[in-house]
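> Structure provided below as structure tokens; questions to follow.
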Amino acid sequence: MPRVLIISSNKKQYMIDDLPFWLIKEARKKGLYQKDLAGAIGISPQAFGRRLKKKDGKRPDVFSYGELLTLFKFLDVSDDNKKKLLTL
């Protein structure tokens, strides 16, 4: 997905939309699947898939802070990437 200049009011929604797919991409680089990400945070693969769907045209903020920390540790995400992903 190409990165484009985003108006600051839309940046938060863009980051919310992009994060789950960034996590999936990183998992695929390591030979893992969505079911592995779901297992890491203790939910079913179906529940993980439901979190990726948009509701009323917007994707809700689907991961708690604790789930994100767990996924970052599971995927061995660098500190620089964590900072970039968790900062508006």
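Each chain in the structure tokens gets a letter, A, B and so on, in the order shown; residues start at 1 in every chain, and ligands are counted from 1 in the order they appear.
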Excluding stretch 69-71 of chain A and its own-chain neighbours fewer than 3 positions away, which residues fall within 12 Å of it when counting only C-alpha atoms? Please give them as an NGL selection string.

:A and (19-20 or 22-24 or 26-27 or 34 or 36-42 or 63-66 or 74-79 or 82-83 or 85-86)

> Which of stretch 20-78 of chain A counts as alpha helix (DSSP H) under DSSP, as a PyMOL selection string please?

chain A and resi 20-29+34-41+45-51+65-74

> With N, CA and C atoms kept, could you save the residues just selected as a short mmCIF file (atom, residue, chain, number, x, y, z; two decimals), in the first residue's frame?


data_model
loop_
_atom_site.label_atom_id
_atom_site.label_comp_id
_atom_site.auth_asym_id
_atom_site.auth_seq_id
_atom_site.Cartn_x
_atom_site.Cartn_y
_atom_site.Cartn_z
N PRO A 20 -3.85 -3.81 11.71
CA PRO A 20 -4.05 -5.26 11.63
C PRO A 20 -3.39 -5.88 10.40
N PHE A 21 -3.40 -5.18 9.30
CA PHE A 21 -2.81 -5.72 8.08
C PHE A 21 -1.29 -5.66 8.12
N TRP A 22 -0.73 -4.68 8.84
CA TRP A 22 0.71 -4.64 9.05
C TRP A 22 1.14 -5.85 9.88
N LEU A 23 0.37 -6.17 10.92
CA LEU A 23 0.68 -7.33 11.76
C LEU A 23 0.63 -8.62 10.95
N ILE A 24 -0.38 -8.76 10.11
CA ILE A 24 -0.51 -9.95 9.27
C ILE A 24 0.67 -10.05 8.31
N LYS A 25 1.07 -8.93 7.73
CA LYS A 25 2.21 -8.92 6.80
C LYS A 25 3.48 -9.35 7.51
N GLU A 26 3.71 -8.86 8.71
CA GLU A 26 4.90 -9.23 9.47
C GLU A 26 4.86 -10.72 9.84
N ALA A 27 3.68 -11.22 10.17
CA ALA A 27 3.54 -12.63 10.48
C ALA A 27 3.88 -13.49 9.26
N ARG A 28 3.39 -13.10 8.10
CA ARG A 28 3.65 -13.85 6.87
C ARG A 28 5.15 -13.88 6.54
N LYS A 29 5.86 -12.79 6.85
CA LYS A 29 7.31 -12.76 6.63
C LYS A 29 8.01 -13.82 7.47
N GLN A 34 -2.74 -15.96 10.26
CA GLN A 34 -3.67 -15.26 11.15
C GLN A 34 -4.02 -16.12 12.34
N LYS A 35 -4.14 -17.43 12.15
CA LYS A 35 -4.49 -18.31 13.27
C LYS A 35 -3.41 -18.29 14.34
N ASP A 36 -2.14 -18.09 13.94
CA ASP A 36 -1.06 -17.99 14.93
C ASP A 36 -1.16 -16.70 15.72
N LEU A 37 -1.50 -15.60 15.03
CA LEU A 37 -1.70 -14.32 15.72
C LEU A 37 -2.88 -14.43 16.69
N ALA A 38 -3.95 -15.06 16.24
CA ALA A 38 -5.13 -15.23 17.10
C ALA A 38 -4.77 -16.05 18.34
N GLY A 39 -4.02 -17.12 18.15
CA GLY A 39 -3.61 -17.95 19.28
C GLY A 39 -2.72 -17.20 20.26
N ALA A 40 -1.90 -16.31 19.75
CA ALA A 40 -1.00 -15.54 20.63
C ALA A 40 -1.77 -14.65 21.59
N ILE A 41 -2.94 -14.14 21.16
CA ILE A 41 -3.72 -13.26 22.05
C ILE A 41 -4.91 -14.00 22.66
N PRO A 45 -9.42 -18.06 15.50
CA PRO A 45 -9.14 -17.46 14.20
C PRO A 45 -10.36 -16.73 13.62
N GLN A 46 -11.56 -17.25 13.90
CA GLN A 46 -12.78 -16.60 13.41
C GLN A 46 -12.97 -15.24 14.07
N ALA A 47 -12.69 -15.17 15.37
CA ALA A 47 -12.82 -13.89 16.08
C ALA A 47 -11.79 -12.89 15.56
N PHE A 48 -10.59 -13.36 15.24
CA PHE A 48 -9.57 -12.48 14.68
C PHE A 48 -10.04 -11.94 13.33
N GLY A 49 -10.61 -12.81 12.49
CA GLY A 49 -11.12 -12.38 11.19
C GLY A 49 -12.24 -11.37 11.31
N ARG A 50 -13.12 -11.55 12.30
CA ARG A 50 -14.22 -10.59 12.51
C ARG A 50 -13.69 -9.22 12.91
N ARG A 51 -12.56 -9.19 13.61
CA ARG A 51 -11.98 -7.91 14.00
C ARG A 51 -11.48 -7.11 12.81
N TYR A 65 -4.30 -2.48 24.24
CA TYR A 65 -2.87 -2.21 24.38
C TYR A 65 -2.12 -3.49 24.78
N GLY A 66 -2.71 -4.25 25.67
CA GLY A 66 -2.08 -5.51 26.10
C GLY A 66 -1.96 -6.51 24.96
N GLU A 67 -2.99 -6.58 24.11
CA GLU A 67 -2.93 -7.48 22.96
C GLU A 67 -1.84 -7.04 21.99
N LEU A 68 -1.72 -5.73 21.78
CA LEU A 68 -0.66 -5.23 20.90
C LEU A 68 0.72 -5.57 21.44
N LEU A 69 0.92 -5.39 22.73
CA LEU A 69 2.22 -5.73 23.32
C LEU A 69 2.52 -7.21 23.15
N THR A 70 1.51 -8.05 23.34
CA THR A 70 1.68 -9.49 23.16
C THR A 70 2.04 -9.83 21.73
N LEU A 71 1.33 -9.22 20.77
CA LEU A 71 1.61 -9.49 19.36
C LEU A 71 2.98 -8.98 18.96
N PHE A 72 3.37 -7.80 19.45
CA PHE A 72 4.70 -7.28 19.14
C PHE A 72 5.79 -8.20 19.66
N LYS A 73 5.61 -8.72 20.87
CA LYS A 73 6.59 -9.65 21.42
C LYS A 73 6.60 -10.96 20.62
N PHE A 74 5.43 -11.45 20.27
CA PHE A 74 5.30 -12.69 19.50
C PHE A 74 6.00 -12.57 18.15
#
